[in-house]
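Student: Contents of data-v3.txt (compact mmCIF, C-alpha atoms) are given next:
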```txt
# COMPACT_ATOMS: atom_id res chain seq x y z
CA MET A 183 40.85 -24.06 25.91
CA SER A 184 39.26 -20.80 27.08
CA SER A 185 40.44 -19.07 23.90
CA SER A 186 38.77 -21.73 21.76
CA PHE A 187 35.56 -21.42 23.78
CA GLU A 188 35.59 -17.62 23.41
CA LYS A 189 35.98 -17.94 19.63
CA TYR A 190 33.08 -20.39 19.58
CA GLN A 191 30.91 -18.04 21.60
CA LYS A 192 31.87 -15.13 19.36
CA ARG A 193 30.97 -17.05 16.21
CA ARG A 194 27.71 -18.12 17.79
CA LEU A 195 26.92 -14.51 18.74
CA ILE A 196 27.69 -13.22 15.25
CA SER A 197 25.55 -15.98 13.73
CA SER A 198 22.70 -15.03 16.05
CA TYR A 199 22.94 -11.34 15.09
CA PHE A 200 23.17 -12.25 11.41
CA SER A 201 20.04 -14.40 11.54
CA VAL A 202 18.14 -11.62 13.33
CA VAL A 203 19.19 -9.04 10.73
CA ILE A 204 18.24 -11.37 7.85
CA SER A 205 14.86 -12.10 9.44
CA ILE A 206 14.14 -8.41 10.00
CA SER A 207 15.29 -7.35 6.54
CA LEU A 208 13.27 -10.04 4.73
CA VAL A 209 10.09 -9.25 6.63
CA LEU A 210 10.49 -5.50 6.20
CA PHE A 211 11.37 -5.97 2.51
CA LEU A 212 8.13 -7.87 1.88
CA LEU A 213 6.23 -5.31 3.93
CA GLY A 214 7.82 -2.53 1.87
CA LEU A 215 6.83 -4.23 -1.40
CA LEU A 216 3.28 -4.47 -0.15
CA GLY A 217 3.47 -0.77 0.72
CA LEU A 218 4.63 -0.02 -2.83
CA LEU A 219 1.66 -1.99 -4.13
CA VAL A 220 -0.74 -0.03 -1.93
CA LEU A 221 0.73 3.33 -2.95
CA ASN A 222 0.77 2.48 -6.65
CA SER A 223 -2.46 0.49 -6.90
CA LYS A 224 -4.34 3.63 -7.96
CA LYS A 225 -1.69 4.44 -10.58
CA VAL A 226 -1.96 0.95 -12.03
CA ALA A 227 -5.77 1.11 -12.02
CA ASP A 228 -5.69 4.59 -13.60
CA TYR A 229 -3.30 3.38 -16.29
CA PHE A 230 -5.69 0.63 -17.40
CA LYS A 231 -8.71 2.94 -17.19
CA GLU A 232 -7.04 5.48 -19.46
CA GLN A 233 -6.53 2.83 -22.16
CA ILE A 234 -10.29 2.82 -22.78
CA ALA A 235 -11.48 5.14 -25.53
CA ILE A 236 -14.78 6.62 -26.58
CA THR A 237 -15.11 6.49 -30.38
CA VAL A 238 -17.13 9.31 -31.95
CA PHE A 239 -18.31 8.42 -35.46
CA LEU A 240 -18.96 11.43 -37.71
CA LYS A 241 -21.51 11.65 -40.47
CA ASP A 242 -20.21 11.91 -44.02
CA THR A 243 -22.07 15.22 -44.27
CA ALA A 244 -20.07 16.72 -41.38
CA LYS A 245 -18.34 19.93 -42.41
CA GLU A 246 -14.62 20.48 -41.90
CA VAL A 247 -15.25 23.43 -39.60
CA GLU A 248 -17.58 21.32 -37.43
CA ILE A 249 -15.00 18.57 -37.14
CA THR A 250 -12.28 21.09 -36.26
CA GLN A 251 -14.45 22.70 -33.58
CA LEU A 252 -15.28 19.29 -32.09
CA LYS A 253 -11.61 18.31 -31.98
CA GLN A 254 -10.73 21.58 -30.25
CA SER A 255 -13.57 21.30 -27.72
CA LEU A 256 -12.61 17.70 -26.93
CA ALA A 257 -8.95 18.66 -26.50
CA LEU A 258 -9.97 21.33 -23.97
CA ALA A 259 -12.58 19.23 -22.14
CA GLU A 260 -11.81 18.49 -18.49
CA TYR A 261 -12.37 14.77 -18.97
CA THR A 262 -10.07 14.33 -21.99
CA LYS A 263 -6.61 12.86 -21.76
CA SER A 264 -6.08 12.82 -25.52
CA ALA A 265 -8.18 12.93 -28.69
CA THR A 266 -7.12 11.56 -32.06
CA PHE A 267 -8.89 12.10 -35.37
CA VAL A 268 -9.00 8.98 -37.56
CA SER A 269 -10.04 9.52 -41.18
CA LYS A 270 -12.02 6.87 -43.03
CA GLU A 271 -8.96 6.25 -45.23
CA GLU A 272 -6.72 5.62 -42.20
CA ALA A 273 -9.39 3.34 -40.69
CA ALA A 274 -9.61 1.37 -43.95
CA LYS A 275 -5.83 0.96 -44.04
CA GLU A 276 -5.75 -0.34 -40.45
CA HIS A 277 -8.58 -2.79 -41.17
CA SER A 278 -6.82 -4.03 -44.30
CA GLU A 279 -3.62 -4.64 -42.35
CA THR A 280 -5.57 -6.49 -39.67
CA LEU A 281 -7.45 -8.66 -42.19
CA GLY A 282 -4.42 -9.17 -44.40
CA GLU A 283 -6.29 -8.13 -47.53
CA ASN A 284 -7.81 -5.03 -49.10
CA PHE A 285 -11.54 -5.34 -48.43
CA ILE A 286 -12.32 -2.16 -50.42
CA GLU A 287 -11.46 -4.00 -53.65
CA TYR A 288 -14.30 -6.43 -52.97
CA LEU A 289 -16.81 -3.82 -51.83
CA GLY A 290 -15.87 -1.18 -54.38
CA ASP A 291 -16.33 1.54 -51.76
CA ASN A 292 -15.13 2.51 -48.30
CA PRO A 293 -18.02 1.94 -45.85
CA LEU A 294 -16.11 3.27 -42.84
CA GLN A 295 -16.62 6.70 -41.27
CA ASN A 296 -14.38 9.47 -40.02
CA SER A 297 -14.05 9.19 -36.26
CA ILE A 298 -12.39 10.66 -33.20
CA ASP A 299 -10.92 8.40 -30.51
CA VAL A 300 -11.25 10.14 -27.15
CA TYR A 301 -9.18 8.74 -24.27
CA ILE A 302 -10.72 9.71 -20.94
CA LEU A 303 -8.94 10.62 -17.70
CA ALA A 304 -9.19 7.87 -15.08
CA ASP A 305 -11.37 9.88 -12.67
CA TYR A 306 -14.09 10.07 -15.33
CA VAL A 307 -14.01 6.37 -16.28
CA THR A 308 -17.14 5.33 -14.42
CA PRO A 309 -20.43 4.08 -15.89
CA GLN A 310 -22.30 7.25 -14.88
CA LYS A 311 -19.76 9.79 -16.14
CA MET A 312 -19.08 7.90 -19.35
CA GLU A 313 -22.81 7.88 -20.09
CA GLU A 314 -23.00 11.64 -19.49
CA ILE A 315 -20.08 12.26 -21.87
CA THR A 316 -21.65 9.99 -24.50
CA ASN A 317 -25.02 11.75 -24.33
CA GLU A 318 -23.32 15.14 -24.62
CA LEU A 319 -21.48 14.07 -27.78
CA LYS A 320 -24.55 12.41 -29.32
CA SER A 321 -26.48 15.68 -29.03
CA LYS A 322 -24.39 17.18 -31.83
CA GLY A 323 -26.16 16.94 -35.17
CA PHE A 324 -23.13 15.90 -37.23
CA VAL A 325 -22.27 13.01 -34.88
CA ASP A 326 -23.61 9.71 -36.18
CA ASP A 327 -22.87 7.49 -33.16
CA VAL A 328 -20.76 7.28 -29.99
CA ILE A 329 -19.61 3.91 -28.70
CA TYR A 330 -17.44 2.52 -25.93
CA ASP A 331 -17.10 -0.80 -24.11
CA LYS A 332 -19.82 -0.50 -21.45
CA PRO A 333 -19.39 -4.00 -19.93
CA LEU A 334 -15.64 -3.43 -19.60
CA ILE A 335 -16.15 -0.10 -17.79
CA ALA A 336 -18.60 -1.64 -15.32
CA GLN A 337 -16.38 -4.67 -14.70
CA LEU A 338 -13.23 -2.54 -14.34
CA THR A 339 -14.89 -0.20 -11.82
CA GLU A 340 -16.15 -3.13 -9.76
CA ASN A 341 -12.83 -4.97 -9.84
CA VAL A 342 -10.82 -1.87 -8.84
CA GLN A 343 -13.04 -1.37 -5.78
CA ARG A 344 -12.77 -5.04 -4.82
CA ILE A 345 -9.00 -5.18 -5.32
CA SER A 346 -8.46 -1.97 -3.32
CA PHE A 347 -10.43 -3.40 -0.40
CA TRP A 348 -8.51 -6.68 -0.33
CA VAL A 349 -5.15 -4.96 -0.72
CA LEU A 350 -5.89 -2.96 2.44
CA VAL A 351 -7.04 -6.10 4.30
CA ILE A 352 -3.95 -8.06 3.24
CA SER A 353 -1.74 -5.10 4.21
CA GLY A 354 -3.16 -5.14 7.72
CA ILE A 355 -2.75 -8.91 8.05
CA PHE A 356 0.79 -8.83 6.69
CA THR A 357 1.78 -6.02 9.05
CA PHE A 358 0.55 -8.13 11.97
CA ILE A 359 2.49 -11.15 10.68
CA ALA A 360 5.61 -9.00 10.25
CA VAL A 361 5.40 -7.92 13.88
CA LEU A 362 5.03 -11.54 15.03
CA LEU A 363 7.97 -12.79 12.95
CA ILE A 364 10.34 -10.05 14.04
CA ASN A 365 9.20 -10.51 17.64
CA SER A 366 9.93 -14.25 17.42
CA SER A 367 13.45 -13.62 16.07
CA ILE A 368 14.20 -11.13 18.85
CA ARG A 369 12.82 -13.43 21.54
CA LEU A 370 15.02 -16.31 20.34
CA SER A 371 18.13 -14.12 20.48
CA ILE A 372 17.20 -12.92 23.99
CA TYR A 373 16.39 -16.49 25.07
CA ALA A 374 19.99 -17.51 24.36
CA LYS A 375 21.14 -14.91 26.92
CA ARG A 376 18.56 -15.63 29.62
CA PHE A 377 21.16 -16.95 32.08
CA THR A 378 23.28 -13.83 31.62
CA ILE A 379 20.22 -11.69 32.35
CA LYS A 380 19.38 -13.61 35.50
CA THR A 381 23.03 -13.60 36.68
CA MET A 382 23.23 -9.82 36.35
CA GLN A 383 19.97 -9.50 38.24
CA MET A 384 21.21 -11.76 41.06
CA VAL A 385 24.32 -9.62 41.61
CA GLY A 386 22.17 -6.52 42.10
CA ALA A 387 21.82 -4.92 38.67
CA THR A 388 18.56 -3.05 38.13
CA LYS A 389 16.11 -4.12 35.46
CA LYS A 390 16.68 -0.91 33.50
CA PHE A 391 20.45 -1.38 33.59
CA ILE A 392 20.13 -4.99 32.36
CA ARG A 393 17.54 -4.22 29.72
CA GLN A 394 19.19 -1.16 28.15
CA PRO A 395 22.11 -2.82 26.27
CA PHE A 396 19.80 -5.51 24.89
CA VAL A 397 17.32 -2.90 23.68
CA TRP A 398 19.96 -0.73 21.99
CA LYS A 399 21.62 -3.74 20.39
CA SER A 400 18.29 -4.91 18.96
CA VAL A 401 17.43 -1.41 17.76
CA ARG A 402 20.75 -1.21 15.92
CA LEU A 403 20.05 -4.61 14.36
CA GLY A 404 16.59 -3.35 13.42
CA ILE A 405 18.11 -0.30 11.71
CA VAL A 406 20.58 -2.48 9.80
CA GLY A 407 17.76 -4.82 8.74
CA ALA A 408 15.60 -1.86 7.67
CA VAL A 409 18.47 -0.39 5.61
CA VAL A 410 19.00 -3.74 3.87
CA ALA A 411 15.25 -3.95 3.19
CA MET A 412 15.20 -0.39 1.79
CA ILE A 413 18.12 -1.16 -0.54
CA GLY A 414 16.21 -4.18 -1.84
CA MET A 415 13.07 -2.07 -2.27
CA ALA A 416 15.02 0.60 -4.16
CA LEU A 417 16.43 -1.99 -6.57
CA VAL A 418 12.99 -3.50 -7.22
CA LEU A 419 11.47 -0.04 -7.66
CA TYR A 420 14.20 0.95 -10.12
CA TYR A 421 13.70 -2.25 -12.13
CA LEU A 422 9.91 -1.82 -12.27
CA ASN A 423 10.24 1.83 -13.25
CA GLU A 424 12.61 0.90 -16.08
CA SER A 425 10.33 -1.94 -17.23
CA PHE A 426 7.06 0.01 -16.93
CA PRO A 427 7.90 3.72 -17.33
CA GLN A 428 4.28 4.54 -18.18
CA LEU A 429 3.27 3.81 -14.57
CA GLN A 430 5.57 6.62 -13.31
CA LEU A 431 6.42 4.76 -10.09
CA LEU A 432 9.00 7.43 -9.19
CA GLY A 433 6.61 10.26 -9.96
CA ASP A 434 5.81 11.05 -6.31
CA PRO A 435 9.06 11.23 -4.29
CA VAL A 436 7.24 12.48 -1.17
CA LEU A 437 5.13 9.31 -0.86
CA LEU A 438 8.17 7.13 -1.53
CA THR A 439 10.13 8.98 1.17
CA VAL A 440 7.25 8.44 3.61
CA LEU A 441 7.23 4.72 2.78
CA PHE A 442 11.00 4.35 3.32
CA VAL A 443 10.82 6.29 6.60
CA PHE A 444 7.90 4.06 7.65
CA ILE A 445 9.98 0.92 7.00
CA LEU A 446 12.87 2.36 9.03
CA LEU A 447 10.55 3.27 11.91
CA MET A 448 8.96 -0.19 11.81
CA GLY A 449 12.41 -1.74 12.15
CA VAL A 450 13.19 0.44 15.16
CA ILE A 451 9.81 0.32 16.92
CA ILE A 452 9.16 -3.43 16.53
CA THR A 453 12.65 -4.42 17.71
CA TRP A 454 12.47 -2.00 20.65
CA ILE A 455 9.08 -3.27 21.84
CA SER A 456 9.96 -6.93 21.22
CA THR A 457 13.25 -6.67 23.13
CA PHE A 458 11.63 -4.79 25.99
CA ILE A 459 8.92 -7.45 26.38
CA ALA A 460 11.36 -10.39 25.99
CA THR A 461 13.87 -9.09 28.54
CA GLN A 462 11.07 -8.18 30.95
CA ARG A 463 9.76 -11.74 30.71
CA PHE A 464 13.11 -13.29 31.63
CA LEU A 465 13.71 -10.71 34.35
CA ASN A 466 10.43 -11.72 35.97
CA LEU A 467 11.09 -15.48 35.73
CA ARG A 468 12.32 -17.49 38.65
CA THR A 469 15.73 -19.11 38.27
CA ASP A 470 14.25 -22.61 38.13
CA ASP A 471 12.00 -21.61 35.22
CA LEU A 472 14.95 -20.65 33.00
CA TYR A 473 15.59 -24.30 32.22
CA TYR A 474 12.17 -24.81 30.58
```
Rewrite the coordinates I just gave you, this time as structure tokens.

Tutor:
Amino acid sequence: MSSSFEKYQKRRLISSYFSVVISISLVLFLLGLLGLLVLNSKKVADYFKEQIAITVFLKDTAKEVEITQLKQSLALAEYTKSATFVSKEEAAKEHSETLGENFIEYLGDNPLQNSIDVYILADYVTPQKMEEITNELKSKGFVDDVIYDKPLIAQLTENVQRISFWVLVISGIFTFIAVLLINSSIRLSIYAKRFTIKTMQMVGATKKFIRQPFVWKSVRLGIVGAVVAMIGMALVLYYLNESFPQLQLLGDPVLLTVLFVFILLMGVIITWISTFIATQRFLNLRTDDLYY
């Protein structure tokens, strides 16, 4: 009979530990994913910014040497990510492929111009800086016109600022929720042992002596949960990096290391504090209050 009861208690204890580990790992996993989003939000925003190009249309009278000098100066400019020369013939071919027919046959001439597509580094993709770059290029006598999507730049800049603000707010809220959820799981596991705690206290054990094994057990569970969460994060990060290599999610190993260490510390610190508070609460309760 006693053997059967001990097996039941052991299974119940293992189930309790398992549920705590799962709760901790899931919460820390979601917190880690949010951390990845925060760390890589600028990379994602920069990626979309750098897809916007300034198109420099050249006059038909532009000399070859002038075009070459412009291409070289743009390639060396601090704001340039890349610059591509597009001849009027290449532009006509692209338009024909898009339209599905050769429009030059109807017009009898190629009305398009030679151009240079200039892709700008993300730090310079703001309405003010883009306007400065445009005015600089327009000042050249052989440049006919310079265009870019002004409404898109303004909207993108505004949206990036708004999204960054809300990501930080949500991160703070989610961190608070994570602490509450892990704390609840720890308190439930300690609640199941409240009579053991009070019995040890009644036979003369000090609060520190009673509390210590509970704290270390919870910390170990917190470490296990954090490791499980980090494995999940690593798998997700690997998948995203393989799917979107242009974002270079693994490009900064120092920041990733800091994030993983942060998740591990969160698992340790939250479980330690939660266990300390929970055991202290039951240690300070009267025996009669344990039944409520």

Student: Which residue gives the smallest distance to Asp305 (chain A) among A:Val409, A:Ile236, A:Leu417, A:Ala227, with all atoms listed in the file counted?

Tutor: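 Comparing A:Val409, A:Ile236, A:Leu417, A:Ala227 against Asp305 (chain A), the winner is A:Ala227.
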
Student: I'd like the contact shell of region 354-371 of chain A - 9 Å cut-off, all atoms listed in the file, skipping same-chain residues fewer than 3 positions apart - returned as an MDAnalysis selection string.

Tutor: chainID A and resid 195 198:199 201:202 205:206 209:210 212:213 216 349:351 374:375 400 448:449 452:453 455:457 459:461

Student: So how far away is CA of Phe230 (chain A) from CA of Leu303 (chain A), in Å?

Tutor: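 That distance, rounded to one decimal, is 10.5 Å.
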
Student: Taking all atoms listed in the file into account, which of A:Val436, A:Val203, A:Ile405, A:Ile234 comes nearest Trp454 (chain A)?

Tutor: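 So, comparing all the options, the nearest one is A:Ile405.
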
Student: What is the distance between CA of Leu252 (chain A) and CA of Tyr306 (chain A), in Å to one decimal?

Tutor: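 That distance, rounded to one decimal, is 19.2 Å.
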
Student: Quick check, in Å to one decimal: how far apart do CA of Arg402 (chain A) and CA of Val450 (chain A) lie?

Tutor: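 Computed distance, CA of Arg402 (chain A) to CA of Val450 (chain A), equals 7.8 Å.
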
Student: Box for region 433-451 of chain A - axis-aligned, 6 Å on each of the six sides, all listed atoms - centre and size in Å to one decimal, as AutoDock Vina command-line options.

Tutor:
```
--center_x 9.2 --center_y 5.4 --center_z 3.5 --size_x 20.1 --size_y 26.2 --size_z 38.9
```

Student: Using only C-alpha atoms, which of A:Glu318, A:Asp434, A:Glu271, A:Glu276 sits nearest Ser255 (chain A)?

Tutor: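 Checking each candidate against Ser255 (chain A), we get A:Glu318 as the closest.
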
Student: Go through A:Leu294, A:Ile335, A:Ile249, A:Ile329 and flag the residue nearest Thr237 (chain A), using all atoms listed in the file for the distances.

Tutor: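 Closest to Thr237 (chain A), using all atoms listed in the file: A:Ile329.
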
Student: Please provide the set of residues having any atom within 9 Å of Thr308 (chain A), restricted to all atoms listed in the file, with same-chain residues fewer than 2 positions apart removed, written as a list in words.

Tutor: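 The residues that qualify are Ala304, Asp305, Tyr306, Gln310, Lys311, Met312, Glu313, Ile335, Ala336, Leu338 and Thr339 of chain A.
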
Student: Can you tell me, as a list of chain:residue names, what residues are no more than 7 Å from Thr266 (chain A) when counting all atoms listed in the file, ignoring any on the same chain fewer than 5 positions away?

Tutor: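 So, after excluding close chain neighbours, the residues are A:Ile298, A:Asp299, A:Val300.
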
Student: With a distance cut-off of 7 Å and all atoms listed in the file, select the neighbouring residues of Leu240 (chain A), excluding the residue or stretch itself and same-chain residues fewer than 5 positions from it, and output the selection as a ChimeraX atom specification.

Tutor: /A:295-297,324-326

Student: For the residues selected in the previous step, produce a file with C-alpha atoms as a short mmCIF file (atom, residue, chain, number, x, y, z; two decimals), keeping the file's coordinate frame.

Tutor:
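Output saved as result33.cif:
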```cif
data_model
loop_
_atom_site.label_atom_id
_atom_site.label_comp_id
_atom_site.auth_asym_id
_atom_site.auth_seq_id
_atom_site.Cartn_x
_atom_site.Cartn_y
_atom_site.Cartn_z
CA GLN A 295 -16.62 6.70 -41.27
CA ASN A 296 -14.38 9.47 -40.02
CA SER A 297 -14.05 9.19 -36.26
CA PHE A 324 -23.13 15.90 -37.23
CA VAL A 325 -22.27 13.01 -34.88
CA ASP A 326 -23.61 9.71 -36.18
#
```

Student: Emit region 329-362 of chain A of the structure in the block as a file comprising N, CA and C atoms, as a PDB file, in the first residue's frame.

Tutor:
```pdb
ATOM      1  N   ILE A 329      13.950  61.495 -59.944  1.00  0.00           N
ATOM      2  CA  ILE A 329      12.673  61.165 -59.309  1.00  0.00           C
ATOM      3  C   ILE A 329      12.848  60.040 -58.297  1.00  0.00           C
ATOM      4  N   TYR A 330      11.956  60.032 -57.326  1.00  0.00           N
ATOM      5  CA  TYR A 330      11.835  58.935 -56.367  1.00  0.00           C
ATOM      6  C   TYR A 330      10.444  59.017 -55.755  1.00  0.00           C
ATOM      7  N   ASP A 331      10.046  58.007 -55.054  1.00  0.00           N
ATOM      8  CA  ASP A 331       8.691  57.930 -54.498  1.00  0.00           C
ATOM      9  C   ASP A 331       8.641  58.701 -53.172  1.00  0.00           C
ATOM     10  N   LYS A 332       8.320  59.995 -53.257  1.00  0.00           N
ATOM     11  CA  LYS A 332       8.286  60.837 -52.055  1.00  0.00           C
ATOM     12  C   LYS A 332       7.241  60.387 -51.034  1.00  0.00           C
ATOM     13  N   PRO A 333       5.992  60.118 -51.458  1.00  0.00           N
ATOM     14  CA  PRO A 333       4.987  59.667 -50.474  1.00  0.00           C
ATOM     15  C   PRO A 333       5.389  58.388 -49.756  1.00  0.00           C
ATOM     16  N   LEU A 334       6.038  57.471 -50.483  1.00  0.00           N
ATOM     17  CA  LEU A 334       6.459  56.213 -49.867  1.00  0.00           C
ATOM     18  C   LEU A 334       7.533  56.450 -48.815  1.00  0.00           C
ATOM     19  N   ILE A 335       8.474  57.356 -49.098  1.00  0.00           N
ATOM     20  CA  ILE A 335       9.538  57.664 -48.136  1.00  0.00           C
ATOM     21  C   ILE A 335       8.948  58.239 -46.856  1.00  0.00           C
ATOM     22  N   ALA A 336       8.037  59.204 -47.013  1.00  0.00           N
ATOM     23  CA  ALA A 336       7.423  59.839 -45.838  1.00  0.00           C
ATOM     24  C   ALA A 336       6.629  58.825 -45.024  1.00  0.00           C
ATOM     25  N   GLN A 337       5.851  57.985 -45.720  1.00  0.00           N
ATOM     26  CA  GLN A 337       5.034  56.990 -45.027  1.00  0.00           C
ATOM     27  C   GLN A 337       5.905  55.943 -44.344  1.00  0.00           C
ATOM     28  N   LEU A 338       6.976  55.514 -45.019  1.00  0.00           N
ATOM     29  CA  LEU A 338       7.866  54.502 -44.449  1.00  0.00           C
ATOM     30  C   LEU A 338       8.554  55.026 -43.198  1.00  0.00           C
ATOM     31  N   THR A 339       9.033  56.269 -43.247  1.00  0.00           N
ATOM     32  CA  THR A 339       9.703  56.872 -42.084  1.00  0.00           C
ATOM     33  C   THR A 339       8.759  56.966 -40.899  1.00  0.00           C
ATOM     34  N   GLU A 340       7.528  57.392 -41.166  1.00  0.00           N
ATOM     35  CA  GLU A 340       6.532  57.527 -40.098  1.00  0.00           C
ATOM     36  C   GLU A 340       6.168  56.164 -39.501  1.00  0.00           C
ATOM     37  N   ASN A 341       5.963  55.184 -40.374  1.00  0.00           N
ATOM     38  CA  ASN A 341       5.574  53.854 -39.907  1.00  0.00           C
ATOM     39  C   ASN A 341       6.686  53.179 -39.107  1.00  0.00           C
ATOM     40  N   VAL A 342       7.932  53.355 -39.517  1.00  0.00           N
ATOM     41  CA  VAL A 342       9.059  52.761 -38.790  1.00  0.00           C
ATOM     42  C   VAL A 342       9.128  53.316 -37.372  1.00  0.00           C
ATOM     43  N   GLN A 343       8.943  54.633 -37.239  1.00  0.00           N
ATOM     44  CA  GLN A 343       8.973  55.254 -35.905  1.00  0.00           C
ATOM     45  C   GLN A 343       7.822  54.740 -35.044  1.00  0.00           C
ATOM     46  N   ARG A 344       6.635  54.621 -35.651  1.00  0.00           N
ATOM     47  CA  ARG A 344       5.468  54.161 -34.898  1.00  0.00           C
ATOM     48  C   ARG A 344       5.628  52.701 -34.475  1.00  0.00           C
ATOM     49  N   ILE A 345       6.097  51.874 -35.402  1.00  0.00           N
ATOM     50  CA  ILE A 345       6.268  50.448 -35.101  1.00  0.00           C
ATOM     51  C   ILE A 345       7.326  50.242 -34.034  1.00  0.00           C
ATOM     52  N   SER A 346       8.429  50.992 -34.109  1.00  0.00           N
ATOM     53  CA  SER A 346       9.497  50.867 -33.106  1.00  0.00           C
ATOM     54  C   SER A 346       8.976  51.205 -31.711  1.00  0.00           C
ATOM     55  N   PHE A 347       8.157  52.246 -31.616  1.00  0.00           N
ATOM     56  CA  PHE A 347       7.596  52.643 -30.326  1.00  0.00           C
ATOM     57  C   PHE A 347       6.708  51.538 -29.753  1.00  0.00           C
ATOM     58  N   TRP A 348       5.819  50.994 -30.588  1.00  0.00           N
ATOM     59  CA  TRP A 348       4.891  49.984 -30.081  1.00  0.00           C
ATOM     60  C   TRP A 348       5.573  48.657 -29.795  1.00  0.00           C
ATOM     61  N   VAL A 349       6.629  48.353 -30.531  1.00  0.00           N
ATOM     62  CA  VAL A 349       7.390  47.128 -30.228  1.00  0.00           C
ATOM     63  C   VAL A 349       7.997  47.219 -28.839  1.00  0.00           C
ATOM     64  N   LEU A 350       8.538  48.389 -28.489  1.00  0.00           N
ATOM     65  CA  LEU A 350       9.120  48.576 -27.153  1.00  0.00           C
ATOM     66  C   LEU A 350       8.038  48.491 -26.071  1.00  0.00           C
ATOM     67  N   VAL A 351       6.875  49.098 -26.332  1.00  0.00           N
ATOM     68  CA  VAL A 351       5.777  49.053 -25.356  1.00  0.00           C
ATOM     69  C   VAL A 351       5.307  47.613 -25.141  1.00  0.00           C
ATOM     70  N   ILE A 352       5.110  46.899 -26.246  1.00  0.00           N
ATOM     71  CA  ILE A 352       4.648  45.504 -26.163  1.00  0.00           C
ATOM     72  C   ILE A 352       5.690  44.638 -25.468  1.00  0.00           C
ATOM     73  N   SER A 353       6.980  44.931 -25.714  1.00  0.00           N
ATOM     74  CA  SER A 353       8.055  44.174 -25.054  1.00  0.00           C
ATOM     75  C   SER A 353       7.979  44.332 -23.542  1.00  0.00           C
ATOM     76  N   GLY A 354       7.752  45.562 -23.095  1.00  0.00           N
ATOM     77  CA  GLY A 354       7.635  45.807 -21.659  1.00  0.00           C
ATOM     78  C   GLY A 354       6.435  45.092 -21.056  1.00  0.00           C
ATOM     79  N   ILE A 355       5.293  45.169 -21.749  1.00  0.00           N
ATOM     80  CA  ILE A 355       4.082  44.509 -21.263  1.00  0.00           C
ATOM     81  C   ILE A 355       4.268  42.991 -21.226  1.00  0.00           C
ATOM     82  N   PHE A 356       4.865  42.448 -22.280  1.00  0.00           N
ATOM     83  CA  PHE A 356       5.037  41.001 -22.351  1.00  0.00           C
ATOM     84  C   PHE A 356       6.018  40.509 -21.294  1.00  0.00           C
ATOM     85  N   THR A 357       7.054  41.295 -21.011  1.00  0.00           N
ATOM     86  CA  THR A 357       7.991  40.916 -19.950  1.00  0.00           C
ATOM     87  C   THR A 357       7.273  40.828 -18.611  1.00  0.00           C
ATOM     88  N   PHE A 358       6.391  41.801 -18.350  1.00  0.00           N
ATOM     89  CA  PHE A 358       5.609  41.805 -17.111  1.00  0.00           C
ATOM     90  C   PHE A 358       4.694  40.583 -17.040  1.00  0.00           C
ATOM     91  N   ILE A 359       4.044  40.266 -18.170  1.00  0.00           N
ATOM     92  CA  ILE A 359       3.173  39.087 -18.224  1.00  0.00           C
ATOM     93  C   ILE A 359       3.971  37.806 -18.003  1.00  0.00           C
ATOM     94  N   ALA A 360       5.184  37.756 -18.596  1.00  0.00           N
ATOM     95  CA  ALA A 360       6.034  36.574 -18.437  1.00  0.00           C
ATOM     96  C   ALA A 360       6.373  36.346 -16.966  1.00  0.00           C
ATOM     97  N   VAL A 361       6.686  37.430 -16.271  1.00  0.00           N
ATOM     98  CA  VAL A 361       6.995  37.319 -14.841  1.00  0.00           C
ATOM     99  C   VAL A 361       5.787  36.794 -14.074  1.00  0.00           C
ATOM    100  N   LEU A 362       4.598  37.303 -14.383  1.00  0.00           N
ATOM    101  CA  LEU A 362       3.383  36.870 -13.693  1.00  0.00           C
ATOM    102  C   LEU A 362       3.071  35.392 -13.944  1.00  0.00           C
TER     103      LEU A 362
END
```
